[in-house]
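Have a look at model.pdb below; it lists PDB, C-alpha atoms.
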```pdb
ATOM      1  CA  MET A 184       0.000   0.000   0.000
ATOM      2  CA  GLY A 185       2.750   2.444   1.054
ATOM      3  CA  GLU A 186       4.809   1.500  -1.980
ATOM      4  CA  ASP A 187       1.841   2.082  -4.307
ATOM      5  CA  MET A 188       1.216   5.509  -2.775
ATOM      6  CA  ALA A 189       4.915   6.368  -3.113
ATOM      7  CA  ALA A 190       4.955   5.254  -6.726
ATOM      8  CA  ILE A 191       1.813   7.280  -7.531
ATOM      9  CA  THR A 192       3.275  10.329  -5.810
ATOM     10  CA  LEU A 193       6.500  10.064  -7.757
ATOM     11  CA  GLN A 194       4.646   9.632 -11.038
ATOM     12  CA  ASP A 195       2.479  12.632 -10.279
ATOM     13  CA  PHE A 196       5.562  14.631  -9.451
ATOM     14  CA  GLY A 197       7.203  13.611 -12.724
ATOM     15  CA  ALA A 198       4.070  14.591 -14.639
ATOM     16  CA  ALA A 199       4.050  17.972 -12.904
ATOM     17  CA  MET A 200       7.715  18.569 -13.782
ATOM     18  CA  ALA A 201       7.048  17.591 -17.404
ATOM     19  CA  ALA A 202       4.115  20.003 -17.521
ATOM     20  CA  LEU A 203       6.258  22.812 -16.110
ATOM     21  CA  SER A 204       8.929  22.098 -18.718
ATOM     22  CA  ALA A 205       6.329  22.163 -21.480
ATOM     23  CA  LEU A 206       4.935  25.470 -20.203
ATOM     24  CA  SER A 207       8.429  26.934 -20.051
ATOM     25  CA  THR A 208       9.184  25.747 -23.593
ATOM     26  CA  ALA A 209       5.955  27.299 -24.855
ATOM     27  CA  ALA A 210       6.741  30.594 -23.091
ATOM     28  CA  PHE A 211      10.235  30.791 -24.567
ATOM     29  CA  GLY A 212       8.836  29.844 -27.973
ATOM     30  CA  LEU A 213       6.320  32.685 -27.880
ATOM     31  CA  LEU A 214       9.025  35.071 -26.703
ATOM     32  CA  ASP A 215      11.200  33.963 -29.603
ATOM     33  CA  THR A 216       8.493  34.963 -32.092
ATOM     34  CA  THR A 217       9.097  38.616 -31.174
ATOM     35  CA  LYS A 218      12.319  38.388 -33.193
ATOM     36  CA  ALA A 219      10.173  38.665 -36.316
ATOM     37  CA  PHE A 220       9.430  42.283 -35.386
ATOM     38  CA  TRP A 221      12.655  44.298 -35.859
ATOM     39  CA  GLY A 222      14.625  41.765 -33.849
ATOM     40  CA  GLY A 223      12.314  41.771 -30.830
ATOM     41  CA  ILE A 224      13.913  40.387 -27.691
ATOM     42  CA  SER A 225      17.242  39.988 -29.502
ATOM     43  CA  ASN A 226      17.773  43.751 -29.340
ATOM     44  CA  VAL A 227      18.298  43.480 -25.592
ATOM     45  CA  GLY A 228      21.990  43.827 -24.754
ATOM     46  CA  LEU A 229      22.978  45.782 -27.847
ATOM     47  CA  GLY A 230      23.260  48.964 -25.808
ATOM     48  CA  HIS A 231      26.334  47.621 -23.988
ATOM     49  CA  ILE A 232      28.065  46.844 -27.280
ATOM     50  CA  LYS A 233      27.154  50.175 -28.852
ATOM     51  CA  THR A 234      28.490  52.105 -25.855
ATOM     52  CA  ALA A 235      31.749  50.142 -25.812
ATOM     53  CA  LEU A 236      32.328  50.718 -29.530
ATOM     54  CA  LYS A 237      31.594  54.448 -29.554
ATOM     55  CA  PRO A 238      35.271  55.440 -29.009
ATOM     56  CA  PHE A 239      36.212  53.256 -31.998
ATOM     57  CA  GLU A 240      33.708  54.792 -34.416
ATOM     58  CA  PRO A 241      36.321  56.634 -36.555
ATOM     59  CA  ALA A 242      38.176  53.382 -37.245
ATOM     60  CA  LEU A 243      34.954  51.445 -37.871
ATOM     61  CA  ASN A 244      33.716  54.166 -40.216
ATOM     62  CA  ALA A 245      36.988  54.036 -42.115
ATOM     63  CA  ALA A 246      36.718  50.249 -42.409
ATOM     64  CA  VAL A 247      33.136  49.793 -43.664
ATOM     65  CA  GLY A 248      31.540  53.254 -43.726
ATOM     66  CA  ALA A 249      29.333  55.066 -41.234
ATOM     67  CA  ASP A 250      26.135  53.634 -42.748
ATOM     68  CA  ASN A 251      27.299  50.014 -42.594
ATOM     69  CA  ARG A 252      29.236  50.059 -39.333
ATOM     70  CA  TRP A 253      26.385  49.359 -36.934
ATOM     71  CA  ASN A 254      24.376  47.246 -39.394
ATOM     72  CA  VAL A 255      27.163  44.664 -39.609
ATOM     73  CA  ILE A 256      27.572  44.405 -35.833
ATOM     74  CA  ARG A 257      23.833  44.387 -35.099
ATOM     75  CA  ALA A 258      23.085  41.771 -37.767
ATOM     76  CA  ASN A 259      25.579  39.332 -36.258
ATOM     77  CA  TRP A 260      24.102  39.838 -32.786
ATOM     78  CA  LEU A 261      20.477  39.449 -33.905
ATOM     79  CA  ASN A 262      21.272  36.288 -35.860
ATOM     80  CA  GLY A 263      22.950  34.643 -32.899
ATOM     81  CA  VAL A 264      26.421  34.363 -34.385
ATOM     82  CA  GLY A 265      28.875  32.874 -31.889
ATOM     83  CA  LYS A 266      30.150  35.392 -29.383
ATOM     84  CA  ALA A 267      33.805  34.686 -30.166
ATOM     85  CA  GLU A 268      33.129  35.139 -33.879
ATOM     86  CA  GLN A 269      31.279  38.393 -33.278
ATOM     87  CA  LYS A 270      34.174  39.795 -31.275
ATOM     88  CA  ALA A 271      36.623  38.654 -33.933
ATOM     89  CA  VAL A 272      34.663  40.527 -36.622
ATOM     90  CA  VAL A 273      34.578  43.736 -34.596
ATOM     91  CA  ARG A 274      38.261  43.414 -33.733
ATOM     92  CA  ALA A 275      39.135  42.884 -37.405
ATOM     93  CA  LEU A 276      37.096  45.917 -38.482
ATOM     94  CA  ILE A 277      38.808  48.153 -35.932
ATOM     95  CA  LYS A 278      42.236  46.991 -37.083
ATOM     96  CA  LEU A 279      41.195  47.396 -40.715
ATOM     97  CA  GLY A 280      40.237  50.996 -39.994
ATOM     98  CA  LEU A 281      43.592  51.824 -38.393
ATOM     99  CA  SER A 282      45.360  54.508 -40.398
ATOM    100  CA  GLU A 283      47.376  57.626 -39.844
ATOM    101  CA  ALA A 284      44.114  59.607 -39.740
ATOM    102  CA  THR A 285      42.316  57.352 -37.217
ATOM    103  CA  ALA A 286      45.353  56.546 -35.073
ATOM    104  CA  PRO A 287      44.891  59.481 -32.630
ATOM    105  CA  SER A 288      41.288  58.535 -31.805
ATOM    106  CA  LEU A 289      42.216  54.864 -31.529
ATOM    107  CA  ALA A 290      45.130  55.721 -29.270
ATOM    108  CA  SER A 291      42.793  57.647 -26.979
ATOM    109  CA  ALA A 292      40.298  54.770 -26.875
ATOM    110  CA  ALA A 293      42.996  52.145 -26.294
ATOM    111  CA  HIS A 294      45.073  54.285 -23.887
ATOM    112  CA  VAL A 295      48.307  54.103 -25.867
ATOM    113  CA  ASP A 296      50.684  56.809 -27.054
ATOM    114  CA  PRO A 297      49.119  58.661 -30.048
ATOM    115  CA  ALA A 298      52.437  59.484 -31.699
ATOM    116  CA  ALA A 299      53.686  55.901 -31.438
ATOM    117  CA  LEU A 300      50.446  54.477 -32.821
ATOM    118  CA  THR A 301      50.405  57.029 -35.652
ATOM    119  CA  THR A 302      53.929  56.016 -36.617
ATOM    120  CA  ALA A 303      52.998  52.339 -36.592
ATOM    121  CA  ALA A 304      49.858  53.025 -38.635
ATOM    122  CA  ARG A 305      51.860  54.970 -41.226
ATOM    123  CA  LYS A 306      54.306  52.088 -41.600
ATOM    124  CA  LEU A 307      51.426  49.616 -41.999
ATOM    125  CA  THR A 308      49.909  51.760 -44.736
ATOM    126  CA  ASP A 309      53.218  52.226 -46.524
ATOM    127  CA  GLY A 310      54.259  48.621 -46.094
ATOM    128  CA  LYS A 311      57.452  49.546 -44.266
ATOM    129  CA  PRO A 312      59.198  47.248 -41.758
ATOM    130  CA  MET A 313      57.881  47.433 -38.189
ATOM    131  CA  THR A 314      60.194  48.023 -35.257
ATOM    132  CA  GLU A 315      59.831  46.391 -31.848
ATOM    133  CA  ALA A 316      58.373  49.646 -30.528
ATOM    134  CA  ASP A 317      55.733  49.587 -33.273
ATOM    135  CA  MET A 318      54.808  45.998 -32.478
ATOM    136  CA  ASN A 319      54.581  46.816 -28.770
ATOM    137  CA  VAL A 320      52.164  49.708 -29.251
ATOM    138  CA  LEU A 321      50.018  47.608 -31.597
ATOM    139  CA  GLY A 322      50.076  44.750 -29.090
ATOM    140  CA  ARG A 323      48.948  47.028 -26.265
ATOM    141  CA  MET A 324      46.175  48.445 -28.440
ATOM    142  CA  ASN A 325      44.972  44.941 -29.330
ATOM    143  CA  ALA A 326      44.998  43.870 -25.688
ATOM    144  CA  VAL A 327      42.859  46.828 -24.632
ATOM    145  CA  ILE A 328      40.440  46.272 -27.518
ATOM    146  CA  ASP A 329      40.082  42.603 -26.550
ATOM    147  CA  ALA A 330      39.421  43.480 -22.905
ATOM    148  CA  LEU A 331      36.791  46.089 -23.785
ATOM    149  CA  LEU A 332      35.057  43.776 -26.245
ATOM    150  CA  ASP A 333      35.041  40.901 -23.751
ATOM    151  CA  ALA A 334      33.438  43.086 -21.085
ATOM    152  CA  ALA A 335      30.860  44.549 -23.479
ATOM    153  CA  PHE A 336      29.756  41.228 -24.977
ATOM    154  CA  GLU A 337      29.609  39.503 -21.581
ATOM    155  CA  ALA A 338      27.434  42.310 -20.172
ATOM    156  CA  ALA A 339      25.241  42.229 -23.289
ATOM    157  CA  GLU A 340      24.770  38.462 -23.108
ATOM    158  CA  GLN A 341      23.952  38.555 -19.402
ATOM    159  CA  GLN A 342      21.357  41.285 -19.929
ATOM    160  CA  TYR A 343      19.830  39.321 -22.796
ATOM    161  CA  ARG A 344      19.601  36.148 -20.677
ATOM    162  CA  ASN A 345      18.032  37.992 -17.744
ATOM    163  CA  PHE A 346      15.451  39.766 -19.873
ATOM    164  CA  SER A 347      14.651  36.548 -21.733
ATOM    165  CA  ARG A 348      13.951  34.728 -18.470
ATOM    166  CA  LEU A 349      11.863  37.627 -17.218
ATOM    167  CA  GLY A 350       9.894  37.834 -20.455
ATOM    168  CA  ALA A 351       9.334  34.078 -20.554
ATOM    169  CA  GLY A 352       8.222  34.173 -16.921
ATOM    170  CA  VAL A 353       5.618  36.837 -17.672
ATOM    171  CA  ILE A 354       4.334  34.824 -20.655
ATOM    172  CA  ALA A 355       4.224  31.619 -18.581
ATOM    173  CA  VAL A 356       2.125  33.355 -15.910
ATOM    174  CA  ALA A 357      -0.195  34.729 -18.585
ATOM    175  CA  LEU A 358      -0.594  31.264 -20.145
ATOM    176  CA  SER A 359      -1.254  29.695 -16.769
ATOM    177  CA  LEU A 360      -3.898  32.271 -15.871
ATOM    178  CA  GLY A 361      -5.387  31.996 -19.354
ATOM    179  CA  ALA A 362      -5.778  28.242 -18.921
ATOM    180  CA  LEU A 363      -8.252  28.890 -16.096
ATOM    181  CA  GLN A 364     -10.626  30.453 -18.614
ATOM    182  CA  PHE A 365     -10.776  27.181 -20.564
ATOM    183  CA  TRP A 366     -11.113  24.821 -17.598
ATOM    184  CA  PRO A 367     -13.610  22.011 -18.321
ATOM    185  CA  ALA A 368     -17.079  22.629 -16.983
ATOM    186  CA  GLY A 369     -18.169  20.381 -14.156
ATOM    187  CA  SER A 370     -14.748  20.132 -12.503
ATOM    188  CA  LYS A 371     -13.330  22.470  -9.895
ATOM    189  CA  PRO A 372     -10.589  24.673 -11.396
ATOM    190  CA  PRO A 373      -7.381  25.498  -9.501
ATOM    191  CA  THR A 374      -7.215  28.750  -7.608
ATOM    192  CA  VAL A 375      -5.716  31.889  -9.134
ATOM    193  CA  PHE A 376      -2.898  31.567  -6.596
ATOM    194  CA  ALA A 377      -2.120  28.056  -7.874
ATOM    195  CA  ALA A 378      -2.119  29.287 -11.475
ATOM    196  CA  LEU A 379       0.251  32.107 -10.538
ATOM    197  CA  ALA A 380       2.543  29.653  -8.742
ATOM    198  CA  VAL A 381       2.662  27.345 -11.769
ATOM    199  CA  GLY A 382       3.523  30.229 -14.085
ATOM    200  CA  LEU A 383       6.204  31.585 -11.765
ATOM    201  CA  LEU A 384       7.816  28.169 -11.230
ATOM    202  CA  ALA A 385       7.792  27.057 -14.869
ATOM    203  CA  VAL A 386      10.791  29.042 -16.127
ATOM    204  CA  PRO A 387      13.247  28.620 -13.205
ATOM    205  CA  LEU A 388      12.424  24.932 -12.645
ATOM    206  CA  ALA A 389      12.391  23.798 -16.276
ATOM    207  CA  PRO A 390      16.195  23.401 -16.662
ATOM    208  CA  ILE A 391      16.411  21.116 -13.620
ATOM    209  CA  ALA A 392      13.045  19.356 -13.874
ATOM    210  CA  LYS A 393      14.357  16.276 -15.696
ATOM    211  CA  ASP A 394      17.402  15.896 -13.441
ATOM    212  CA  LEU A 395      15.302  16.400 -10.309
ATOM    213  CA  THR A 396      12.738  13.812 -11.339
ATOM    214  CA  SER A 397      15.477  11.324 -12.250
ATOM    215  CA  ALA A 398      17.260  11.912  -8.939
ATOM    216  CA  LEU A 399      14.086  11.377  -6.911
ATOM    217  CA  SER A 400      13.300   8.211  -8.863
ATOM    218  CA  THR A 401      16.775   6.866  -8.157
ATOM    219  CA  ALA A 402      16.458   7.755  -4.480
ATOM    220  CA  MET A 403      13.063   6.012  -4.278
ATOM    221  CA  GLN A 404      14.501   2.845  -5.833
ATOM    222  CA  ALA A 405      17.378   2.921  -3.389
ATOM    223  CA  LEU A 406      14.990   3.235  -0.423
ATOM    224  CA  LYS A 407      12.902   0.328  -1.692
ATOM    225  CA  ALA A 408      16.031  -1.793  -2.095
ATOM    226  CA  ALA A 409      17.186  -0.903   1.413
ATOM    227  CA  LYS A 410      13.763  -1.742   2.852
ATOM    228  CA  SER A 411      13.634  -5.170   1.199
ATOM    229  CA  ALA A 412      17.207  -6.034   2.195
TER     230      ALA A 412
END
```
Entire entry expressed as structure tokens:
Amino acid sequence: MGEDMAAITLQDFGAAMAALSALSTAAFGLLDTTKAFWGGISNVGLGHIKTALKPFEPALNAAVGADNRWNVIRANWLNGVGKAEQKAVVRALIKLGLSEATAPSLASAAHVDPAALTTAARKLTDGKPMTEADMNVLGRMNAVIDALLDAAFEAAEQQYRNFSRLGAGVIAVALSLGALQFWPAGSKPPTVFAALAVGLLAVPLAPIAKDLTSALSTAMQALKAAKSA
């Protein structure tokens, strides 16, 4: 009798976890459809990248033009290109835009000596041999660019993840409350509080639902084995 009750309880729990996962998947799916409207939720996080790249605008403009600069970067972000690849593209564009004219602004953004960077940029343009001092200033510039890009893309990705979870949570609550309106006649529907709880729990519990159910099932089998021993 006790074993049957335990088995039924575990099955019910597994069904509840599966339902929460399904609700979470539906919520994220609906949130993802916003991308059809000017990028939707994917636009979240771009502000961090845009702010970080503002000091490098002269070099980016020189590389691809003022009209194309942001379109290239934004398109890669909206389409979910790998973060490392996105940073590599931006880094390459900044380096491509390095010239004697853009060196002073790049030096200010990268905190290196303007005269030294201008000299190195002139040699790159003219195809002249680089000295150790030239390589050092370029190396320092690259290191600063990498650090700034890493920070910007990490902050952007974190903001995107947080807003996605929040948006999916709101949709999950709305779906859960909406389900009450279609509850079969003749049976007692759950309370509004229960519907709210289901919606709020769906998104945070979904990633661990399968592992949690599996762990509890394993624990139950171990207890049964210990009892029969």
Q: Convert the output of the PyMOL selection byres ((chain A and resi 265-274) around 12) on the shown file into explicit residues, formatted as an MDAnalysis selection string.
A: chainID A and resid 232:233 235:236 239:240 242:244 246:247 252:264 275:281 324:340
Under the PyMOL selection byres ((chain A and resi 374-380) around 7), which residues of this model are included? Write them out as a tab-separated table (two decimals) with C-alpha atoms, keeping the file's coordinate frame.
```tsv
chain	number	residue	atom	x	y	z
A	356	VAL	CA	2.12	33.35	-15.91
A	359	SER	CA	-1.25	29.70	-16.77
A	360	LEU	CA	-3.90	32.27	-15.87
A	372	PRO	CA	-10.59	24.67	-11.40
A	373	PRO	CA	-7.38	25.50	-9.50
A	381	VAL	CA	2.66	27.34	-11.77
A	382	GLY	CA	3.52	30.23	-14.08
A	383	LEU	CA	6.20	31.58	-11.76
A	384	LEU	CA	7.82	28.17	-11.23
```
Q: Just say which residues the PyMOL selection byres ((chain A and resi 299-302) around 12) picks in this file, as a ChimeraX atom specification.
A: /A:278,281-298,303-309,311-325
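Between CA of Leu388 (chain A) and CA of Gly222 (chain A) lies a distance of 27.2 Å.
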N, CA and C atoms for region 346-382 of chain A, written as a PDB file, in the frame of the given file, could you do that?
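Output file part.pdb follows:
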```
ATOM      1  N   PHE A 346      16.700  39.271 -19.324  1.00  0.00           N
ATOM      2  CA  PHE A 346      15.451  39.766 -19.873  1.00  0.00           C
ATOM      3  C   PHE A 346      14.652  38.641 -20.532  1.00  0.00           C
ATOM      4  N   SER A 347      15.349  37.680 -21.125  1.00  0.00           N
ATOM      5  CA  SER A 347      14.651  36.548 -21.733  1.00  0.00           C
ATOM      6  C   SER A 347      13.925  35.729 -20.668  1.00  0.00           C
ATOM      7  N   ARG A 348      14.600  35.482 -19.558  1.00  0.00           N
ATOM      8  CA  ARG A 348      13.951  34.728 -18.470  1.00  0.00           C
ATOM      9  C   ARG A 348      12.761  35.504 -17.915  1.00  0.00           C
ATOM     10  N   LEU A 349      12.955  36.812 -17.745  1.00  0.00           N
ATOM     11  CA  LEU A 349      11.863  37.627 -17.218  1.00  0.00           C
ATOM     12  C   LEU A 349      10.687  37.634 -18.182  1.00  0.00           C
ATOM     13  N   GLY A 350      10.967  37.824 -19.466  1.00  0.00           N
ATOM     14  CA  GLY A 350       9.894  37.834 -20.455  1.00  0.00           C
ATOM     15  C   GLY A 350       9.180  36.499 -20.536  1.00  0.00           C
ATOM     16  N   ALA A 351       9.945  35.407 -20.509  1.00  0.00           N
ATOM     17  CA  ALA A 351       9.334  34.078 -20.554  1.00  0.00           C
ATOM     18  C   ALA A 351       8.506  33.825 -19.306  1.00  0.00           C
ATOM     19  N   GLY A 352       8.978  34.329 -18.157  1.00  0.00           N
ATOM     20  CA  GLY A 352       8.222  34.173 -16.921  1.00  0.00           C
ATOM     21  C   GLY A 352       6.880  34.881 -16.989  1.00  0.00           C
ATOM     22  N   VAL A 353       6.869  36.081 -17.525  1.00  0.00           N
ATOM     23  CA  VAL A 353       5.618  36.837 -17.672  1.00  0.00           C
ATOM     24  C   VAL A 353       4.657  36.095 -18.601  1.00  0.00           C
ATOM     25  N   ILE A 354       5.181  35.567 -19.714  1.00  0.00           N
ATOM     26  CA  ILE A 354       4.334  34.824 -20.655  1.00  0.00           C
ATOM     27  C   ILE A 354       3.809  33.548 -20.015  1.00  0.00           C
ATOM     28  N   ALA A 355       4.657  32.855 -19.242  1.00  0.00           N
ATOM     29  CA  ALA A 355       4.224  31.619 -18.581  1.00  0.00           C
ATOM     30  C   ALA A 355       3.096  31.891 -17.592  1.00  0.00           C
ATOM     31  N   VAL A 356       3.195  32.988 -16.842  1.00  0.00           N
ATOM     32  CA  VAL A 356       2.125  33.355 -15.910  1.00  0.00           C
ATOM     33  C   VAL A 356       0.843  33.665 -16.674  1.00  0.00           C
ATOM     34  N   ALA A 357       0.984  34.400 -17.779  1.00  0.00           N
ATOM     35  CA  ALA A 357      -0.195  34.729 -18.585  1.00  0.00           C
ATOM     36  C   ALA A 357      -0.853  33.469 -19.146  1.00  0.00           C
ATOM     37  N   LEU A 358      -0.044  32.517 -19.619  1.00  0.00           N
ATOM     38  CA  LEU A 358      -0.594  31.264 -20.145  1.00  0.00           C
ATOM     39  C   LEU A 358      -1.286  30.465 -19.042  1.00  0.00           C
ATOM     40  N   SER A 359      -0.672  30.447 -17.881  1.00  0.00           N
ATOM     41  CA  SER A 359      -1.254  29.695 -16.769  1.00  0.00           C
ATOM     42  C   SER A 359      -2.589  30.292 -16.334  1.00  0.00           C
ATOM     43  N   LEU A 360      -2.636  31.617 -16.242  1.00  0.00           N
ATOM     44  CA  LEU A 360      -3.898  32.271 -15.871  1.00  0.00           C
ATOM     45  C   LEU A 360      -4.929  32.112 -16.986  1.00  0.00           C
ATOM     46  N   GLY A 361      -4.467  32.161 -18.238  1.00  0.00           N
ATOM     47  CA  GLY A 361      -5.387  31.996 -19.354  1.00  0.00           C
ATOM     48  C   GLY A 361      -6.006  30.609 -19.390  1.00  0.00           C
ATOM     49  N   ALA A 362      -5.252  29.611 -18.918  1.00  0.00           N
ATOM     50  CA  ALA A 362      -5.778  28.242 -18.921  1.00  0.00           C
ATOM     51  C   ALA A 362      -7.003  28.107 -18.022  1.00  0.00           C
ATOM     52  N   LEU A 363      -7.086  28.945 -16.994  1.00  0.00           N
ATOM     53  CA  LEU A 363      -8.252  28.890 -16.096  1.00  0.00           C
ATOM     54  C   LEU A 363      -9.544  29.224 -16.836  1.00  0.00           C
ATOM     55  N   GLN A 364      -9.431  30.056 -17.873  1.00  0.00           N
ATOM     56  CA  GLN A 364     -10.626  30.453 -18.614  1.00  0.00           C
ATOM     57  C   GLN A 364     -11.176  29.316 -19.474  1.00  0.00           C
ATOM     58  N   PHE A 365     -10.350  28.300 -19.723  1.00  0.00           N
ATOM     59  CA  PHE A 365     -10.776  27.181 -20.564  1.00  0.00           C
ATOM     60  C   PHE A 365     -10.898  25.885 -19.758  1.00  0.00           C
ATOM     61  N   TRP A 366     -11.015  26.021 -18.435  1.00  0.00           N
ATOM     62  CA  TRP A 366     -11.113  24.821 -17.598  1.00  0.00           C
ATOM     63  C   TRP A 366     -12.424  24.084 -17.877  1.00  0.00           C
ATOM     64  N   PRO A 367     -12.387  22.762 -17.987  1.00  0.00           N
ATOM     65  CA  PRO A 367     -13.610  22.011 -18.321  1.00  0.00           C
ATOM     66  C   PRO A 367     -14.731  22.262 -17.321  1.00  0.00           C
ATOM     67  N   ALA A 368     -15.917  22.431 -17.845  1.00  0.00           N
ATOM     68  CA  ALA A 368     -17.079  22.629 -16.983  1.00  0.00           C
ATOM     69  C   ALA A 368     -17.372  21.358 -16.200  1.00  0.00           C
ATOM     70  N   GLY A 369     -17.829  21.527 -14.989  1.00  0.00           N
ATOM     71  CA  GLY A 369     -18.169  20.381 -14.156  1.00  0.00           C
ATOM     72  C   GLY A 369     -17.059  19.936 -13.231  1.00  0.00           C
ATOM     73  N   SER A 370     -15.849  20.463 -13.404  1.00  0.00           N
ATOM     74  CA  SER A 370     -14.748  20.132 -12.503  1.00  0.00           C
ATOM     75  C   SER A 370     -14.237  21.413 -11.856  1.00  0.00           C
ATOM     76  N   LYS A 371     -13.776  21.300 -10.647  1.00  0.00           N
ATOM     77  CA  LYS A 371     -13.330  22.470  -9.895  1.00  0.00           C
ATOM     78  C   LYS A 371     -11.964  22.939 -10.413  1.00  0.00           C
ATOM     79  N   PRO A 372     -11.868  24.179 -10.877  1.00  0.00           N
ATOM     80  CA  PRO A 372     -10.589  24.673 -11.396  1.00  0.00           C
ATOM     81  C   PRO A 372      -9.627  25.023 -10.263  1.00  0.00           C
ATOM     82  N   PRO A 373      -8.343  25.064 -10.517  1.00  0.00           N
ATOM     83  CA  PRO A 373      -7.381  25.498  -9.501  1.00  0.00           C
ATOM     84  C   PRO A 373      -7.630  26.958  -9.136  1.00  0.00           C
ATOM     85  N   THR A 374      -7.080  27.363  -8.033  1.00  0.00           N
ATOM     86  CA  THR A 374      -7.215  28.750  -7.608  1.00  0.00           C
ATOM     87  C   THR A 374      -6.293  29.639  -8.447  1.00  0.00           C
ATOM     88  N   VAL A 375      -6.571  30.932  -8.435  1.00  0.00           N
ATOM     89  CA  VAL A 375      -5.716  31.889  -9.134  1.00  0.00           C
ATOM     90  C   VAL A 375      -4.304  31.841  -8.558  1.00  0.00           C
ATOM     91  N   PHE A 376      -4.212  31.657  -7.243  1.00  0.00           N
ATOM     92  CA  PHE A 376      -2.898  31.567  -6.596  1.00  0.00           C
ATOM     93  C   PHE A 376      -2.103  30.387  -7.140  1.00  0.00           C
ATOM     94  N   ALA A 377      -2.791  29.246  -7.336  1.00  0.00           N
ATOM     95  CA  ALA A 377      -2.120  28.056  -7.874  1.00  0.00           C
ATOM     96  C   ALA A 377      -1.660  28.308  -9.312  1.00  0.00           C
ATOM     97  N   ALA A 378      -2.491  28.984 -10.087  1.00  0.00           N
ATOM     98  CA  ALA A 378      -2.119  29.287 -11.475  1.00  0.00           C
ATOM     99  C   ALA A 378      -0.906  30.212 -11.517  1.00  0.00           C
ATOM    100  N   LEU A 379      -0.897  31.204 -10.619  1.00  0.00           N
ATOM    101  CA  LEU A 379       0.251  32.107 -10.538  1.00  0.00           C
ATOM    102  C   LEU A 379       1.513  31.341 -10.161  1.00  0.00           C
ATOM    103  N   ALA A 380       1.388  30.432  -9.191  1.00  0.00           N
ATOM    104  CA  ALA A 380       2.543  29.653  -8.742  1.00  0.00           C
ATOM    105  C   ALA A 380       3.098  28.795  -9.878  1.00  0.00           C
ATOM    106  N   VAL A 381       2.220  28.179 -10.645  1.00  0.00           N
ATOM    107  CA  VAL A 381       2.662  27.345 -11.769  1.00  0.00           C
ATOM    108  C   VAL A 381       3.418  28.194 -12.787  1.00  0.00           C
ATOM    109  N   GLY A 382       2.864  29.358 -13.117  1.00  0.00           N
ATOM    110  CA  GLY A 382       3.523  30.229 -14.085  1.00  0.00           C
ATOM    111  C   GLY A 382       4.879  30.721 -13.606  1.00  0.00           C
TER     112      GLY A 382
END
```
